[in-house]
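Okay, so here's the structure we're looking at.
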Amino acid sequence: MSSVLQPLHRALGLTDAELDDIRQVLSREPNPLELALYGVMWSEHCSYKSSRIHLRRLPSKGDHVLVGPGEGAGVIDAGDGIGVAIRIESHNHPSAIEPYQGAATGVGGILRDVFSMGARPLAVMDPLFFGALDDARNRWLVEGVVSGISGYGNSVGVPTIGGELTFDECYSANPLVNVLAVGALPTDRLALGVASGVGNYAVLLGSSTGRDGIGGVSVLASAGFAGDDGAASLDDAKRPSVQVGDPYEEKRLIEACLELLDHGFVVGIQDLGGAGLVCATSETAAKGGVGMDVDVSAVHQRELAMQPFEIMTSESQERMLAIITPENLKSVTDVCEKWEVRASVVGHVVSPTTLPDGTSVGMLRIRNGFDGEVLAEVPASSLAHDAPLYDRPRQRPSDLDAVRADDPTNDEPVGDAATDLLGLLLDPVWVYRQYDSQLFLNTVVGPGRDAALLRLAGPGLPESKRGIAISTDSNPRWCALDPKDGAALTVAESVANLACVGATAKAVVNCLNFGNPEHPEVMWQLSETVDGMVMGCNALGLPVIGGNVSLYNESGGRDIDPTPVIGLLGVIDSLVAPPPGWDWNDGDAVVLVGHREAAGATPFPLAGSRWATRRGRRGGHLAGFDATRLVSTFNFVTTEVALICGGASSDVSAVHDVSGGGLAAALAEMAAVTQRGVNVSQLEGHAELFAEFPGRFVVATSNAEAFVARALGAGVPVTILGTVGGTTVHLGGLVSINVAEIASRRGAALEEALALN
Amino acid sequence: MNYSVVVEVTLRVGIADPEGATIERALPALGFNGVRSVRAGKMFRFDIEAESSDEALTSAQSLAERLLSNPVIEDATARLVEGR
Amino acid sequence: MNYSVVVEVTLRVGIADPEGATIERALPALGFNGVRSVRAGKMFRFDIEAESSDEALTSAQSLAERLLSNPVIEDATARLVEGR
Amino acid sequence: MARIGVVVFPGSNCEYDAARAVEELGASAEFIFHSSTSLGDVDGVILPGGFAHGDYLRPGALARFSPVMDAVAAFAAEGGPVLGICNGFQVLTEAGLLPGALQKNRGLTFLCQPTTLVVSSTHSVLTRAAQVGARLVVPINHFSGAYTCDDTTYASLVDHGQIVLRYQDNPNGSRDDIAGVANEAGNVVGLMPHPERAMSTLLGSADGRVLLEGFVSAREIVH
Ligand SMILES: Nc1ncnc2c1ncn2[C@@H]1O[C@H](COP(=O)(O)OP(=O)(O)O)[C@@H](O)[C@H]1O
Ligand SMILES: [Mg+2]
């Protein structure tokens with residue numbers, strides 16, 4: 001590691017201007033510990049200082065929204081007295097250096113966000129993005145990440161029910177590992193991360209605190225508190241910043257916390273995530289408008305001779321902070337003992353301090369012993385809420401017009417469509433069969449279809465016959481070409497996936513994975529993406545109830561393509577029968593539901609499609625976003641499927657939305673899983689086969705006449721494509737492939753690419 | 001020549017070892033007292049073809065570091081042993 | 001006195017070792033040739049309180065056999081080592 | 001109404017699912033925490049799936065020392081019906097209540113997928129209501145499910161009809177496709193697949209019912 005001499009605040013990641021802000025807040029010079037607290041709390045990761053001004057534009061209101069952005073997780077009212085909590089987060093950079101632990105601790109972290117709301121975690125999803133698999137390191141990353149999610153998620157006892165799997169050079173060496181978690185709670189168990197009640201205790205629950213994840217702050221170790229030259233040497237080689245997950249500890253922590261909440265022993269509760277104890281104490285105090293005294297010597301430590309800054313900023317996993325009344329201390333420790341969870345009082349809630357100007361502010365005081373020396377004293381809200389906000393320069397990429405002009409839709413020659421189709425198919429089963437996707441007996445549709453569909457049931461929940469559906473979606477190829485329309489179309493694609501299982505979309509969470517925010521092009525992409533989400537969510541009536549931003553994702557010095565990941569939660573009122581799925585029957589008519597041609601100038605745009613990307617063609621114009629069309633089509637399909645799930649009989653036997661790989665891939669996937677061929681007569685050439693734009697569904701029906709009449713009655717256009725039957729997929733004279741070959745190529749593609757067979 | 005190798009892979013100092021810690025916590029209840037600082041690791045044995053024992057050790061050590069461990073969290077040491 | 005112990009747990013002869021076999025298969029593609037008979041095992045390090053080194057070794061061996069290994073498929077050996 | 005005890009180790013996670021399945025069959029389920037030294041008045045005991053004690057060391061290795069296991073052993077010795085599902089099977093082998101051991105899957109990955117089981121013997125509290133040769137679709141969900149034993153043990157399993165369930169297509173490298181085994185008396189059974197996950201066609205299969213139905217009503221027969 002290099003040894004660079006620079007002022008301490010800069011070594012801690014604070015700019016000169018930020019140091020001035022801190023002096024202003026304190027009306028004095030901060031000491032090194034205080035600087036470290038600001039350094040972690042005002043980091044991009046904790047404060048969202050580059051993105052916050054944009055995120056404010058997202059709609060977050062709705063009658064059914066119980067908790068919007070800003071808490072551990074967003075919560076909606078799903079009916080029957082049940083709230084559903086959802087949250088998504090990235091664990092990209094940790095996964096790049098230790099894929100197993102990086103992914104594992106990502107799962108652990110997102111679960112704590114969910115059960116900190118009082119919700120029992122019921123499901124995880126894992127959108128993953130890797131570089132090309134011809135590189136051995138990328139293959140190592142895939143295997144490590146997947147086994148990390150599997151190892152932690154299965155053991156902690158939360159099913160992983162879906163995700164995404166994208167390969168693109170732009171993620172080489174910088175994989176994206178996003179994790180989404182969903183939980184459910186009786187609405188009266190809702191808990192918030194707020195400290196209140198002067199005299200109350202802050203109790204640290206769970207693992208002991210080690211030097212894990214201290215990362216940037218470790219400069220203090222070499223700077224030394226005694227050093228008065230203001231300089232620090234960067235030498236973090238000796239301090240491992242890799243965190244190791246312990247799913248067994250987390251499992252006991254979940255049970256203990258939910259039991260504490262059930263008994264009403266807890267006033268407020270928050271997980272310890274990024275920035276560890278300083279974040280949890282300052283945020284809970286700031287939200288409650290109170291002060292907090294924290295005794296670092298009361299924190300259970302895993303290692304010898306830990307410094308106060310290490311204790312306060314450690315990111316050791318599997319820890320929670322509960323605010324309780326002193327009377328409940330015995331009951332709390334009893335529950336914790338049963339679950340073998342460590343509990344120590346590390347904080348006292350204290351009155352706000354009155355400042356000379358008469359205002360009052362809650363101070364976070366770090367002490368050595370509750371009556372001991374005060375090591376740091378800063379306004380809690382200045383750490384938690386007052387980080388500077390940056391409106392960083394934005395610049396539309398100068399080559400964007402040229403890129404868009406280079407449209408693959410008109411490429412000649414087009415080559416052999418059958419070969420192209422076989423090359424596009426990939427069944428991610430190798431990934432998801434490593435995940436327990438069935439625990440809790442709720443999984444009606446697990447991974448491998450359009451959206452996951454769960455019964456809304458779980459230990460401690462009121463009875464309900466409702467279900468919830470979840471999908472994660474992203475399309476960096478679209479967003480590279482047009483982040484605004486790309487993001488709006490991604491939201492639409494997510495709604496389409498939910499429609500396939502009959503669920504009505506209720507709320508969005510998002511994870512914005514972008515490059516370096518100091519590059520004006522990246523900030524432009526981020527801002528446009530947010531505008532696109534606003535457009536998509538408003539048009540489809542969806543609040544955004546949470547999210548996460550991951551910046552500085554670069555590979556070989558190049559920013560990744562803009563990668564907003566949409567997590568969508570929906571509800572179905574009656575779930576007593578499975579949705580049709582992809583299982584079409586011989587003799588069924590195959591109908592394309594929705595507008596056959598894309599909105600906009602190009603009827604079958606290949607821009608941003610998998611077909612084009614495979615040929616190295618990354619330019620062109622996307623389909624337009626036409627809200628009216630989308631809404632009527634989605635409503636129609638949702639209604640058709642919801643009736644089936646509610647127990648009604650129907651002529652509809654299969655439903656699949658047209659997404660990655662276009663119409664050709666949708667038909668081939670249905671043929672592969674059912675081992676039944678299809679004959680589609682007339683198609684508008686290869687462009688119609690491979691064009692990607694949401695708003696189209698392939699539906700198989702045993703009664704085409706009745707189905708078409710219902711669609712037209714709902715104002716939704718339909719096209720009869722052909723008939724199910726035989727052992728071959730025939731597509732308009734362009735493709736003729738045996739079903740068995742499709743199934744075996746699709747089934748083997750991933751393991752072959754991973755060189756596992 | 002054929003050399004027999006043992007590789008030990010242990011977590012680096014400072015890296016949490018939940019498995020070791022869990023075993024340690026369980027021991028008193030199982031009747032084992034006075035056991036502390038339990039660390040769990042992995043071990044591999046294999047035979048390697050090489051011209052000399054130095055060469056065998058060098059290849060084994062490289063294999064240990066590049067394949068059998070992740071240096072970010074683990075230390076790996078190879079040593080030659082008598083045939084099994 | 002405090003003694004440092006290493007316990008090695010290996011699969012018994014005749015028990016299939018899919019992990020060792022998988023590593024062995026992967027090696028040539030990674031540029032390691034001439035490696036054979038890869039067997040994967042586990043290793044534990046701990047400190048144990050005892051009156052004498054004999055007593056330490058006896059307790060450690062008993063711990064190794066009764067807890068750290070499953071005699072149906074594994075062999076375990078304890079040895080004393082110099083402090084870490 | 002039969003009363004079935006469901007043992008909860010720290011790290012167990014299928015206890016609610018097992019209880020729900022038992023209740024759906026008209027029996028009552030009671031959780032028995034691992035620190036308990038008695039089972040109370042139960043007609044059968046289930047050791048459910050999950051990761052008891054984190055599966056640290058080896059699946060089942062630490063759980064077998066939990067205080068409740070002495071009570072389970074005593075109950076089994078009296079002929080009480082004991083069922084270990086997945087992790088519960090691993091605990092029973094570690095505790096010596098069932099022969100053999102469960103090793104990592106052949107492919108060295110966790111596997112969650114449907115499997116087709118073939119009933120090989122009805123001489124057990126689990127398979128007593130099924131037909132020999134019947135094919136049942138029941139999911140597996142494990143990392144260490146490859147059944148292993150030495151030749152002498154294997155010969156004795158075969159001789160006494162203790163192999164109760166086999167996989168039609170071996171997913172994990174188990175010896176002789178073994179998915180479940182019983183003790184000689186047939187009152188202690190362990191299997192890697194999860195019959196409690198195959199209780200309803202809404203979730204994909206109802207083929208686990210015949211197994212669990214047999215189990216919850218076994219005590220009446222044994223007595
Ligand atoms: N990393 C993963 N983990 C779990 N399931 C996955 C993963 N990647 C893909 N899947 C599942 O495979 C199916 C296909 O994914 P995808 O092609 O993204 O679907 P769609 O085009 O309908 O959005 C989905 O059910 C998805 O949940
Ligand atoms: Mg889909």
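Following the order of the structure tokens, first chain is A, next is B, and so on, with residues numbered from 1 inside each chain and ligands from 1 in the order they appear.
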- Message: Which residues are near ligand 2 - at most 9 Å, using only C-alpha atoms and all ligand atoms? Format: as a PyMOL selection string.
- Response: chain A and resi 449-451+471+473+493-494+496-498+500+656-660+666
Can I get the selected residues back with N, CA, C and O atoms, as a tab-separated table (two decimals), in the first residue's frame?
chain	number	residue	atom	x	y	z
A	449	ARG	N	-39.80	-18.15	-13.74
A	449	ARG	CA	-40.91	-17.67	-14.57
A	449	ARG	C	-40.87	-16.14	-14.61
A	449	ARG	O	-39.83	-15.55	-14.43
A	450	ASP	N	-42.02	-15.50	-14.83
A	450	ASP	CA	-41.98	-14.05	-15.03
A	450	ASP	C	-41.85	-13.29	-13.72
A	450	ASP	O	-41.01	-12.41	-13.59
A	451	ALA	N	-42.71	-13.59	-12.76
A	451	ALA	CA	-42.58	-12.96	-11.45
A	451	ALA	C	-42.79	-14.06	-10.42
A	451	ALA	O	-43.41	-15.07	-10.70
A	471	SER	N	-41.06	-8.83	-8.63
A	471	SER	CA	-40.19	-8.99	-9.80
A	471	SER	C	-39.04	-8.00	-9.68
A	471	SER	O	-39.21	-6.92	-9.13
A	473	ASP	N	-36.23	-6.10	-12.23
A	473	ASP	CA	-35.95	-5.90	-13.65
A	473	ASP	C	-34.97	-4.78	-13.86
A	473	ASP	O	-34.92	-3.82	-13.11
A	493	GLU	N	-41.82	-2.98	-17.86
A	493	GLU	CA	-41.47	-4.40	-17.97
A	493	GLU	C	-41.74	-5.15	-16.66
A	493	GLU	O	-42.22	-6.28	-16.64
A	494	SER	N	-41.45	-4.48	-15.56
A	494	SER	CA	-41.71	-5.08	-14.26
A	494	SER	C	-43.21	-5.30	-14.05
A	494	SER	O	-43.63	-6.35	-13.56
A	496	ALA	N	-45.37	-5.70	-16.32
A	496	ALA	CA	-45.77	-6.80	-17.21
A	496	ALA	C	-45.51	-8.14	-16.54
A	496	ALA	O	-46.32	-9.07	-16.62
A	497	ASN	N	-44.37	-8.27	-15.87
A	497	ASN	CA	-44.06	-9.53	-15.20
A	497	ASN	C	-45.08	-9.85	-14.11
A	497	ASN	O	-45.50	-10.99	-13.95
A	498	LEU	N	-45.47	-8.82	-13.37
A	498	LEU	CA	-46.49	-9.04	-12.33
A	498	LEU	C	-47.84	-9.43	-12.93
A	498	LEU	O	-48.56	-10.25	-12.38
A	500	CYS	N	-48.38	-11.22	-15.42
A	500	CYS	CA	-48.36	-12.64	-15.79
A	500	CYS	C	-48.79	-13.54	-14.64
A	500	CYS	O	-49.18	-14.68	-14.86
A	656	HIS	N	-47.10	-15.39	-20.85
A	656	HIS	CA	-45.69	-15.03	-20.68
A	656	HIS	C	-45.52	-13.68	-21.35
A	656	HIS	O	-46.00	-13.47	-22.45
A	657	ASP	N	-44.83	-12.76	-20.67
A	657	ASP	CA	-44.64	-11.48	-21.35
A	657	ASP	C	-43.45	-11.56	-22.29
A	657	ASP	O	-42.55	-12.39	-22.13
A	658	VAL	N	-43.44	-10.71	-23.30
A	658	VAL	CA	-42.34	-10.66	-24.25
A	658	VAL	C	-41.29	-9.72	-23.69
A	658	VAL	O	-41.56	-8.54	-23.48
A	659	SER	N	-40.11	-10.26	-23.38
A	659	SER	CA	-39.06	-9.38	-22.83
A	659	SER	C	-37.73	-9.70	-23.48
A	659	SER	O	-37.64	-9.71	-24.71
A	660	GLY	N	-36.68	-9.97	-22.68
A	660	GLY	CA	-35.35	-10.19	-23.25
A	660	GLY	C	-35.35	-11.27	-24.32
A	660	GLY	O	-35.85	-12.37	-24.10
A	666	ALA	N	-39.58	-15.62	-26.17
A	666	ALA	CA	-40.76	-15.94	-25.36
A	666	ALA	C	-41.39	-17.25	-25.83
A	666	ALA	O	-41.70	-18.14	-25.03
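Backbone DSSP over segment 12-78 of chain C gives helix (DSSP H, G or I) for Pro18, Glu19, Gly20, Ala21, Thr22, Ile23, Glu24, Arg25, Ala26, Pro28, Ala29, Leu30, Ser53, Asp54, Glu55, Ala56, Leu57, Thr58, Ser59, Ala60, Gln61, Ser62, Leu63, Ala64, Glu65, Arg66, Leu67 and Leu68 of chain C.
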- Task: Using only C-alpha atoms, select each residue of chain A with any atom at most 9 Å away from an atom of chain D, and give the selection as an NGL selection string.
- Result: :A and (147 or 150-151 or 154-158 or 246-249 or 251-252 or 339-340 or 432-445 or 458-459 or 576-578)
- Item | Interatomic distance (Å, one decimal) between atom CA of Ala191 of chain A and atom CA of Val177 of chain A | 27.8 Å
I'd like the contact shell of Glu24 of chain B - 10 Å cut-off, only C-alpha atoms, skipping same-chain residues fewer than 2 positions apart - returned as an mmCIF file with C-alpha atoms, in the first residue's frame.
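The resulting file, out09.cif, is reproduced below:
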data_model
loop_
_atom_site.group_PDB
_atom_site.id
_atom_site.type_symbol
_atom_site.label_atom_id
_atom_site.label_comp_id
_atom_site.auth_asym_id
_atom_site.auth_seq_id
_atom_site.Cartn_x
_atom_site.Cartn_y
_atom_site.Cartn_z
ATOM 1 C CA PRO B 18 -18.188 -17.605 13.134
ATOM 2 C CA GLU B 19 -17.684 -21.356 12.870
ATOM 3 C CA GLY B 20 -14.788 -21.384 15.314
ATOM 4 C CA ALA B 21 -16.652 -19.072 17.666
ATOM 5 C CA THR B 22 -19.791 -21.228 17.574
ATOM 6 C CA ALA B 26 -20.814 -24.991 22.457
ATOM 7 C CA LEU B 27 -17.905 -26.833 24.113
ATOM 8 C CA PRO B 28 -18.610 -26.306 27.823
ATOM 9 C CA PHE B 32 -15.100 -29.898 27.170
ATOM 10 C CA ASN B 33 -13.615 -27.222 29.363
ATOM 11 C CA GLY B 34 -10.588 -24.996 29.096
ATOM 12 C CA VAL B 35 -10.649 -24.776 25.296
ATOM 13 C CA ARG B 36 -10.161 -21.319 23.815
ATOM 14 C CA SER B 37 -9.439 -19.412 20.586
ATOM 15 C CA VAL B 38 -10.943 -22.041 18.317
ATOM 16 C CA ARG B 39 -10.306 -21.273 14.647
ATOM 17 C CA PHE C 46 -7.292 -24.082 19.513
#
- Query: Once you count only C-alpha atoms, which residues of chain D turn out to be within 10 Å of chain C? Could you give them as a ChimeraX atom specification?
  - Reply: /D:57-58,61-62,64-65,93-94,96,99-108,148-150,173
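When the distance limit is 9 Å and only C-alpha atoms are what count, the residues near segment 370-375 of chain A, minus those fewer than 5 positions from it on the same chain, are Asn31, Leu33, Glu34, Asp293, Val294, Asp295, Val296, Ser297, Ala298, Pro308, Val346, Gly347, His348 and Arg365 of chain A.
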With N, CA and C atoms kept, could you save the residues just selected as a CSV table (one decimal), in the first residue's frame?
chain,number,residue,atom,x,y,z
A,31,ASN,N,-12.3,17.2,16.9
A,31,ASN,CA,-11.1,16.3,17.2
A,31,ASN,C,-11.1,15.1,16.2
A,33,LEU,N,-11.6,12.0,16.4
A,33,LEU,CA,-12.7,11.0,16.5
A,33,LEU,C,-13.9,11.6,15.8
A,34,GLU,N,-14.2,12.9,16.1
A,34,GLU,CA,-15.3,13.6,15.5
A,34,GLU,C,-15.2,13.6,14.0
A,293,ASP,N,-26.1,9.4,24.8
A,293,ASP,CA,-24.7,9.1,25.4
A,293,ASP,C,-24.4,7.7,25.0
A,294,VAL,N,-23.2,7.5,24.4
A,294,VAL,CA,-22.8,6.2,24.0
A,294,VAL,C,-21.5,5.8,24.8
A,295,ASP,N,-21.5,4.7,25.4
A,295,ASP,CA,-20.3,4.3,26.2
A,295,ASP,C,-19.6,3.2,25.3
A,296,VAL,N,-18.5,3.6,24.8
A,296,VAL,CA,-17.7,2.7,23.9
A,296,VAL,C,-17.2,1.5,24.7
A,297,SER,N,-17.0,1.7,26.0
A,297,SER,CA,-16.4,0.5,26.7
A,297,SER,C,-17.5,-0.5,27.0
A,298,ALA,N,-18.8,-0.2,26.8
A,298,ALA,CA,-19.8,-1.1,27.0
A,298,ALA,C,-20.1,-2.0,25.8
A,308,PRO,N,-11.8,3.9,20.1
A,308,PRO,CA,-13.1,4.4,20.0
A,308,PRO,C,-13.6,4.5,18.6
A,346,VAL,N,-25.6,0.1,25.6
A,346,VAL,CA,-24.4,0.9,25.2
A,346,VAL,C,-24.8,2.3,25.1
A,347,GLY,N,-26.0,2.7,25.3
A,347,GLY,CA,-26.4,4.1,25.1
A,347,GLY,C,-27.5,4.5,26.1
A,348,HIS,N,-27.5,5.7,26.4
A,348,HIS,CA,-28.6,6.3,27.2
A,348,HIS,C,-29.2,7.4,26.4
A,365,ARG,N,-23.1,12.0,22.2
A,365,ARG,CA,-21.8,12.1,23.0
A,365,ARG,C,-21.2,10.7,23.1
Residues near Leu11 of chain C, anyone? I mean within 7 Å using only C-alpha atoms, not counting same-chain ones fewer than 6 positions away, as a PDB file with N, CA, C and O atoms, in the first residue's frame.
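Result file around-v3.pdb:
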ATOM      1  N   GLY C  41      -9.882 -31.722   3.368  1.00  0.00           N
ATOM      2  CA  GLY C  41     -10.190 -32.015   4.764  1.00  0.00           C
ATOM      3  C   GLY C  41     -10.407 -30.732   5.541  1.00  0.00           C
ATOM      4  O   GLY C  41     -10.492 -29.651   4.965  1.00  0.00           O
ATOM      5  N   ILE C  73     -17.331 -41.516   8.710  1.00  0.00           N
ATOM      6  CA  ILE C  73     -16.679 -41.172   7.446  1.00  0.00           C
ATOM      7  C   ILE C  73     -15.319 -40.501   7.599  1.00  0.00           C
ATOM      8  O   ILE C  73     -14.596 -40.359   6.627  1.00  0.00           O
ATOM      9  N   GLU C  74     -14.968 -40.069   8.818  1.00  0.00           N
ATOM     10  CA  GLU C  74     -13.755 -39.258   8.942  1.00  0.00           C
ATOM     11  C   GLU C  74     -12.762 -39.823   9.964  1.00  0.00           C
ATOM     12  O   GLU C  74     -13.145 -40.471  10.935  1.00  0.00           O
ATOM     13  N   ASP C  75     -11.480 -39.515   9.742  1.00  0.00           N
ATOM     14  CA  ASP C  75     -10.433 -39.755  10.727  1.00  0.00           C
ATOM     15  C   ASP C  75      -9.984 -38.411  11.270  1.00  0.00           C
ATOM     16  O   ASP C  75      -9.973 -37.417  10.535  1.00  0.00           O
TER      17      ASP C  75
END
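Atom CA of Leu165 of chain A lies 25.8 Å from atom CA of Met535 of chain A.
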